[in-house]
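Next comes data19.cif, a file with mmCIF, N, CA and C atoms.
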```cif
data_structure
loop_
_atom_site.label_atom_id
_atom_site.label_comp_id
_atom_site.auth_asym_id
_atom_site.auth_seq_id
_atom_site.Cartn_x
_atom_site.Cartn_y
_atom_site.Cartn_z
N MET A 1 93.71 77.24 105.92
CA MET A 1 94.01 78.47 106.63
C MET A 1 95.47 78.52 107.02
N ARG A 2 95.95 77.44 107.61
CA ARG A 2 97.33 77.38 108.05
C ARG A 2 98.27 77.49 106.85
N GLU A 3 97.91 76.86 105.75
CA GLU A 3 98.70 76.91 104.51
C GLU A 3 98.77 78.34 103.96
N ALA A 4 97.67 79.07 104.04
CA ALA A 4 97.63 80.46 103.56
C ALA A 4 98.55 81.34 104.40
N LYS A 5 98.56 81.14 105.72
CA LYS A 5 99.45 81.90 106.59
C LYS A 5 100.90 81.60 106.27
N ARG A 6 101.21 80.35 106.03
CA ARG A 6 102.57 79.94 105.72
C ARG A 6 103.04 80.56 104.41
N ARG A 7 102.16 80.55 103.39
CA ARG A 7 102.52 81.16 102.10
C ARG A 7 102.77 82.65 102.26
N TRP A 8 101.92 83.33 103.03
CA TRP A 8 102.10 84.77 103.25
C TRP A 8 103.40 85.03 104.00
N GLY A 9 103.72 84.19 104.95
CA GLY A 9 104.97 84.33 105.70
C GLY A 9 106.18 84.22 104.80
N LEU A 10 106.17 83.26 103.89
CA LEU A 10 107.27 83.10 102.95
C LEU A 10 107.34 84.27 101.97
N ARG A 11 106.19 84.71 101.49
CA ARG A 11 106.17 85.85 100.57
C ARG A 11 106.66 87.11 101.27
N GLY A 12 106.21 87.31 102.49
CA GLY A 12 106.63 88.48 103.26
C GLY A 12 108.14 88.48 103.49
N ALA A 13 108.69 87.32 103.83
CA ALA A 13 110.13 87.21 104.04
C ALA A 13 110.88 87.48 102.75
N GLY A 14 110.37 86.95 101.65
CA GLY A 14 111.00 87.18 100.34
C GLY A 14 110.95 88.65 99.96
N LEU A 15 109.84 89.30 100.23
CA LEU A 15 109.70 90.72 99.94
C LEU A 15 110.69 91.56 100.76
N ILE A 16 110.86 91.19 102.01
CA ILE A 16 111.81 91.91 102.87
C ILE A 16 113.23 91.76 102.33
N VAL A 17 113.59 90.57 101.88
CA VAL A 17 114.94 90.35 101.32
C VAL A 17 115.13 91.19 100.05
N ILE A 18 114.14 91.24 99.20
CA ILE A 18 114.23 92.01 97.95
C ILE A 18 114.38 93.50 98.24
N VAL A 19 113.57 94.02 99.14
CA VAL A 19 113.63 95.44 99.49
C VAL A 19 114.97 95.78 100.14
N ALA A 20 115.43 94.96 101.04
CA ALA A 20 116.72 95.20 101.71
C ALA A 20 117.86 95.19 100.71
N THR A 21 117.84 94.26 99.77
CA THR A 21 118.87 94.20 98.73
C THR A 21 118.83 95.46 97.87
N ALA A 22 117.66 95.90 97.49
CA ALA A 22 117.53 97.11 96.67
C ALA A 22 118.09 98.34 97.39
N ILE A 23 117.84 98.44 98.68
CA ILE A 23 118.33 99.58 99.46
C ILE A 23 119.86 99.57 99.52
N VAL A 24 120.45 98.41 99.65
CA VAL A 24 121.91 98.31 99.74
C VAL A 24 122.57 98.49 98.38
N VAL A 25 121.99 97.94 97.33
CA VAL A 25 122.62 97.93 96.01
C VAL A 25 122.32 99.20 95.21
N ALA A 26 121.18 99.82 95.37
CA ALA A 26 120.77 100.95 94.53
C ALA A 26 121.77 102.09 94.47
N PRO A 27 122.39 102.52 95.57
CA PRO A 27 123.32 103.65 95.47
C PRO A 27 124.48 103.41 94.51
N SER A 28 124.87 102.16 94.30
CA SER A 28 126.00 101.89 93.42
C SER A 28 125.68 102.16 91.96
N PHE A 29 124.42 102.41 91.62
CA PHE A 29 124.05 102.70 90.24
C PHE A 29 124.04 104.20 89.94
N PHE A 30 124.19 105.05 90.97
CA PHE A 30 124.16 106.49 90.77
C PHE A 30 125.52 107.01 90.35
N ALA A 31 125.54 108.05 89.53
CA ALA A 31 126.79 108.66 89.10
C ALA A 31 127.50 109.28 90.30
N PRO A 32 128.83 109.27 90.30
CA PRO A 32 129.57 109.92 91.38
C PRO A 32 129.22 111.40 91.43
N SER A 33 129.07 111.94 92.63
CA SER A 33 128.74 113.36 92.76
C SER A 33 129.74 114.05 93.67
N PHE A 34 129.85 115.35 93.47
CA PHE A 34 130.82 116.17 94.19
C PHE A 34 130.12 117.42 94.70
N ALA A 35 130.33 117.74 95.96
CA ALA A 35 129.79 118.96 96.57
C ALA A 35 130.98 119.82 96.98
N VAL A 36 131.02 121.05 96.48
CA VAL A 36 132.14 121.95 96.74
C VAL A 36 131.63 123.09 97.62
N ARG A 37 132.22 123.23 98.81
CA ARG A 37 131.81 124.26 99.78
C ARG A 37 132.93 125.28 99.94
N ASN A 38 132.63 126.55 99.80
CA ASN A 38 133.62 127.59 100.03
C ASN A 38 133.44 128.14 101.44
N ARG A 39 134.32 127.73 102.34
CA ARG A 39 134.29 128.24 103.71
C ARG A 39 135.41 129.26 103.94
N ALA A 40 136.05 129.68 102.85
CA ALA A 40 137.09 130.70 102.94
C ALA A 40 136.44 132.07 103.11
N THR A 41 137.24 133.05 103.45
CA THR A 41 136.71 134.40 103.67
C THR A 41 136.72 135.23 102.40
N GLN A 42 137.06 134.61 101.27
CA GLN A 42 137.07 135.32 99.99
C GLN A 42 136.57 134.41 98.88
N SER A 43 136.28 134.99 97.73
CA SER A 43 135.82 134.22 96.57
C SER A 43 136.95 133.33 96.05
N VAL A 44 136.55 132.20 95.49
CA VAL A 44 137.52 131.28 94.91
C VAL A 44 137.02 130.80 93.56
N GLY A 45 137.94 130.44 92.69
CA GLY A 45 137.63 129.78 91.43
C GLY A 45 138.06 128.33 91.56
N VAL A 46 137.24 127.38 91.11
CA VAL A 46 137.54 125.96 91.31
C VAL A 46 137.46 125.22 89.99
N VAL A 47 138.49 124.38 89.75
CA VAL A 47 138.51 123.52 88.57
C VAL A 47 138.80 122.10 89.04
N ALA A 48 138.00 121.15 88.58
CA ALA A 48 138.19 119.73 88.90
C ALA A 48 138.72 119.03 87.65
N THR A 49 139.72 118.18 87.82
CA THR A 49 140.26 117.43 86.68
C THR A 49 140.38 115.96 87.04
N TRP A 50 140.20 115.12 86.06
CA TRP A 50 140.35 113.68 86.21
C TRP A 50 140.74 113.14 84.85
N ARG A 51 141.04 111.88 84.79
CA ARG A 51 141.51 111.25 83.55
C ARG A 51 140.55 111.49 82.40
N GLY A 52 139.26 111.52 82.67
CA GLY A 52 138.27 111.67 81.62
C GLY A 52 137.91 113.09 81.26
N GLY A 53 138.46 114.09 81.94
CA GLY A 53 138.09 115.44 81.58
C GLY A 53 138.33 116.49 82.64
N THR A 54 137.68 117.61 82.42
CA THR A 54 137.80 118.78 83.29
C THR A 54 136.40 119.34 83.53
N HIS A 55 136.17 119.78 84.75
CA HIS A 55 134.90 120.46 85.06
C HIS A 55 135.23 121.77 85.76
N ARG A 56 134.80 122.86 85.17
CA ARG A 56 134.98 124.17 85.79
C ARG A 56 133.78 124.44 86.69
N VAL A 57 134.04 124.37 87.98
CA VAL A 57 132.99 124.63 88.96
C VAL A 57 132.62 126.10 88.91
N GLY A 58 133.62 126.94 88.65
CA GLY A 58 133.38 128.38 88.54
C GLY A 58 133.75 129.12 89.81
N ARG A 59 133.30 130.35 89.90
CA ARG A 59 133.59 131.21 91.03
C ARG A 59 132.56 130.98 92.13
N LEU A 60 133.05 130.81 93.36
CA LEU A 60 132.18 130.63 94.51
C LEU A 60 132.46 131.74 95.52
N ALA A 61 131.43 132.43 95.91
CA ALA A 61 131.55 133.46 96.95
C ALA A 61 131.71 132.79 98.31
N PRO A 62 132.18 133.49 99.32
CA PRO A 62 132.28 132.91 100.66
C PRO A 62 130.91 132.36 101.10
N GLY A 63 130.91 131.13 101.60
CA GLY A 63 129.68 130.50 102.06
C GLY A 63 128.88 129.81 100.97
N GLU A 64 129.26 129.99 99.72
CA GLU A 64 128.51 129.40 98.60
C GLU A 64 128.92 127.94 98.39
N MET A 65 127.99 127.17 97.81
CA MET A 65 128.22 125.76 97.54
C MET A 65 127.78 125.44 96.11
N ALA A 66 128.48 124.52 95.47
CA ALA A 66 128.11 124.05 94.13
C ALA A 66 128.24 122.54 94.11
N SER A 67 127.51 121.90 93.21
CA SER A 67 127.64 120.46 93.09
C SER A 67 127.61 120.06 91.62
N PHE A 68 128.18 118.90 91.34
CA PHE A 68 128.17 118.36 89.98
C PHE A 68 128.37 116.86 90.05
N ALA A 69 128.11 116.18 88.95
CA ALA A 69 128.28 114.73 88.85
C ALA A 69 129.02 114.41 87.57
N VAL A 70 129.72 113.30 87.57
CA VAL A 70 130.44 112.84 86.39
C VAL A 70 130.17 111.36 86.20
N ALA A 71 130.49 110.85 85.03
CA ALA A 71 130.33 109.43 84.76
C ALA A 71 131.65 108.71 85.00
N GLY A 72 131.58 107.44 85.32
CA GLY A 72 132.78 106.62 85.42
C GLY A 72 133.39 106.58 86.80
N GLU A 73 134.70 106.31 86.80
CA GLU A 73 135.44 106.23 88.04
C GLU A 73 136.86 106.67 87.79
N GLY A 74 137.56 107.03 88.84
CA GLY A 74 138.95 107.46 88.69
C GLY A 74 139.38 108.28 89.88
N GLY A 75 140.39 109.13 89.65
CA GLY A 75 140.91 110.00 90.69
C GLY A 75 140.65 111.44 90.31
N MET A 76 140.03 112.20 91.19
CA MET A 76 139.69 113.60 90.92
C MET A 76 140.63 114.51 91.69
N GLN A 77 141.14 115.54 91.01
CA GLN A 77 141.97 116.55 91.63
C GLN A 77 141.25 117.89 91.54
N PHE A 78 141.47 118.74 92.52
CA PHE A 78 140.83 120.05 92.55
C PHE A 78 141.90 121.14 92.64
N ARG A 79 141.76 122.15 91.81
CA ARG A 79 142.64 123.32 91.85
C ARG A 79 141.79 124.52 92.23
N VAL A 80 142.22 125.25 93.25
CA VAL A 80 141.47 126.39 93.77
C VAL A 80 142.34 127.63 93.64
N GLN A 81 141.76 128.68 93.05
CA GLN A 81 142.46 129.95 92.97
C GLN A 81 141.68 130.98 93.79
N PHE A 82 142.37 131.57 94.76
CA PHE A 82 141.76 132.57 95.63
C PHE A 82 141.74 133.92 94.92
N ALA A 83 140.87 134.81 95.37
CA ALA A 83 140.68 136.12 94.75
C ALA A 83 141.98 136.91 94.64
N GLU A 84 142.87 136.78 95.64
CA GLU A 84 144.11 137.56 95.60
C GLU A 84 145.19 136.89 94.75
N GLY A 85 144.88 135.72 94.16
CA GLY A 85 145.82 135.07 93.25
C GLY A 85 146.49 133.81 93.77
N ARG A 86 146.44 133.58 95.05
CA ARG A 86 147.04 132.38 95.65
C ARG A 86 146.32 131.13 95.15
N GLU A 87 147.06 130.03 94.98
CA GLU A 87 146.45 128.76 94.53
C GLU A 87 146.73 127.64 95.52
N ARG A 88 145.76 126.74 95.62
CA ARG A 88 145.90 125.52 96.42
C ARG A 88 145.33 124.39 95.57
N SER A 89 145.82 123.18 95.81
CA SER A 89 145.26 122.02 95.12
C SER A 89 145.13 120.87 96.10
N ALA A 90 144.30 119.92 95.74
CA ALA A 90 144.08 118.75 96.58
C ALA A 90 143.73 117.56 95.70
N GLY A 91 144.07 116.40 96.17
CA GLY A 91 143.72 115.18 95.46
C GLY A 91 144.97 114.48 94.98
N PRO A 92 144.76 113.39 94.33
CA PRO A 92 143.47 112.89 93.86
C PRO A 92 142.69 112.15 94.96
N ILE A 93 141.39 112.11 94.77
CA ILE A 93 140.51 111.31 95.61
C ILE A 93 139.74 110.38 94.69
N TYR A 94 139.68 109.12 95.05
CA TYR A 94 139.04 108.11 94.21
C TYR A 94 137.52 108.29 94.21
N PHE A 95 136.92 108.13 93.04
CA PHE A 95 135.45 108.16 92.94
C PHE A 95 134.98 107.03 92.04
N THR A 96 133.80 106.54 92.33
CA THR A 96 133.14 105.52 91.53
C THR A 96 131.64 105.69 91.70
N ARG A 97 130.86 104.84 91.04
CA ARG A 97 129.39 104.94 91.14
C ARG A 97 128.95 104.91 92.59
N GLY A 98 128.02 105.80 92.91
CA GLY A 98 127.45 105.82 94.25
C GLY A 98 128.23 106.64 95.26
N THR A 99 129.39 107.17 94.88
CA THR A 99 130.18 107.95 95.84
C THR A 99 129.79 109.42 95.80
N THR A 100 129.88 110.05 96.95
CA THR A 100 129.74 111.50 97.03
C THR A 100 130.99 112.03 97.73
N VAL A 101 131.66 112.95 97.06
CA VAL A 101 132.87 113.56 97.61
C VAL A 101 132.53 114.98 98.04
N ILE A 102 132.96 115.33 99.24
CA ILE A 102 132.76 116.69 99.77
C ILE A 102 134.10 117.42 99.70
N VAL A 103 134.11 118.55 99.03
CA VAL A 103 135.30 119.39 98.91
C VAL A 103 135.05 120.62 99.76
N THR A 104 135.88 120.82 100.78
CA THR A 104 135.72 121.96 101.67
C THR A 104 136.93 122.87 101.51
N ILE A 105 136.67 124.10 101.09
CA ILE A 105 137.74 125.07 100.86
C ILE A 105 137.79 126.02 102.04
N GLY A 106 138.95 126.08 102.67
CA GLY A 106 139.18 127.01 103.77
C GLY A 106 140.20 128.05 103.35
N ASP A 107 140.52 128.96 104.23
CA ASP A 107 141.51 129.99 103.90
C ASP A 107 142.92 129.41 103.69
N ASP A 108 143.22 128.29 104.33
CA ASP A 108 144.56 127.73 104.27
C ASP A 108 144.67 126.38 103.58
N ALA A 109 143.57 125.70 103.35
CA ALA A 109 143.65 124.35 102.80
C ALA A 109 142.37 123.96 102.06
N VAL A 110 142.51 122.92 101.25
CA VAL A 110 141.38 122.30 100.56
C VAL A 110 141.29 120.88 101.10
N ARG A 111 140.14 120.54 101.69
CA ARG A 111 139.96 119.23 102.32
C ARG A 111 139.01 118.39 101.47
N LEU A 112 139.39 117.15 101.21
CA LEU A 112 138.56 116.20 100.47
C LEU A 112 138.13 115.08 101.39
N ALA A 113 136.86 114.72 101.34
CA ALA A 113 136.33 113.65 102.18
C ALA A 113 135.14 113.01 101.48
N TYR A 114 134.83 111.79 101.86
CA TYR A 114 133.61 111.14 101.37
C TYR A 114 132.47 111.56 102.29
N ASP A 115 131.26 111.58 101.75
CA ASP A 115 130.11 112.04 102.55
C ASP A 115 129.92 111.24 103.83
N HIS A 116 130.30 109.97 103.82
CA HIS A 116 130.13 109.16 105.03
C HIS A 116 131.23 109.42 106.06
N ASP A 117 132.27 110.22 105.71
CA ASP A 117 133.33 110.58 106.65
C ASP A 117 132.95 111.76 107.52
N ASP A 118 131.98 112.59 107.09
CA ASP A 118 131.63 113.82 107.85
C ASP A 118 130.97 113.50 109.15
#
```

The structure given in the file should be rewritten as structure tokens.
Amino acid sequence: MREAKRRWGLRGAGLIVIVATAIVVAPSFFAPSFAVRNRATQSVGVVATWRGGTHRVGRLAPGEMASFAVAGEGGMQFRVQFAEGRERSAGPIYFTRGTTVIVTIGDDAVRLAYDHDD
């Protein structure tokens, strides 16, 4: 009986270590993702560029949000064109597996942050 309790205790402890490791390590296997929020008072067009390519986020109305993911790692830059023709850019911001970058577009600036910074 005592031996059975001891075995279960060791198995339980081992299971806890495995689950805890999976929770910590799993996010690093996900592709980097980007969330783009338009908090400006007008529509904007957004283009993201990095060493590996370009992603056209497209036109976002005020209050609208879009998201996308890419493979790999590097530095991402964002170019924003406002409806009246004015342009703003931001970046680069580093991305790798498991990262989520939040892009917040305001009337005067484009802010880049990691999801854990909010």

Item to complete: Translate the PyMOL selection byres (((chain A and resi 57-72 and name CA) around 6) and name CA), as applied to the file shown, into an explicit residue set as a ChimeraX atom specification.
Response: /A:31-47,56,73

Fill in: Straight-line distance linking atom CA of A:Trp50 with atom C of A:Phe78, stated in Å to one decimal
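Taking atom CA of A:Trp50 as the start and atom C of A:Phe78 as the end point, the length is 10.0 Å.
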
Discussion item. Report as a list in words all protein, DNA and RNA residues lying within 8 Å of A:Tyr114, evaluated on only C-alpha atoms, omitting residues in the same chain fewer than 5 positions from it.
Written reply: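 With the cut-off at 8 Å, the set is Thr99, Thr100, Val101 and Ile102 of chain A.
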
Print the selection's residues with N, CA and C atoms to a file, as a PDB file, in the frame of the given file.
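Writing done, so here's out-v6.pdb:
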```
ATOM      1  N   THR A  99     129.390 107.170  94.880  1.00  0.00           N
ATOM      2  CA  THR A  99     130.180 107.950  95.840  1.00  0.00           C
ATOM      3  C   THR A  99     129.790 109.420  95.800  1.00  0.00           C
ATOM      4  N   THR A 100     129.880 110.050  96.950  1.00  0.00           N
ATOM      5  CA  THR A 100     129.740 111.500  97.030  1.00  0.00           C
ATOM      6  C   THR A 100     130.990 112.030  97.730  1.00  0.00           C
ATOM      7  N   VAL A 101     131.660 112.950  97.060  1.00  0.00           N
ATOM      8  CA  VAL A 101     132.870 113.560  97.610  1.00  0.00           C
ATOM      9  C   VAL A 101     132.530 114.980  98.040  1.00  0.00           C
ATOM     10  N   ILE A 102     132.960 115.330  99.240  1.00  0.00           N
ATOM     11  CA  ILE A 102     132.760 116.690  99.770  1.00  0.00           C
ATOM     12  C   ILE A 102     134.100 117.420  99.700  1.00  0.00           C
TER      13      ILE A 102
END
```

Response to the item:
Taken to one decimal, the atom N of A:Gln77-atom C of A:Thr96 distance is 13.7 Å

Practice prompt. Find the distance between atom N of A:Tyr94 and atom N of A:Asp108 and write it in Å to one decimal.
Written response: 21.6 Å

Worksheet item: Between A:Ile105, A:Phe30, A:Gly98, A:Ala48, which is the closest to A:Arg79 once you count only N, CA and C atoms?
Response: A:Ala48
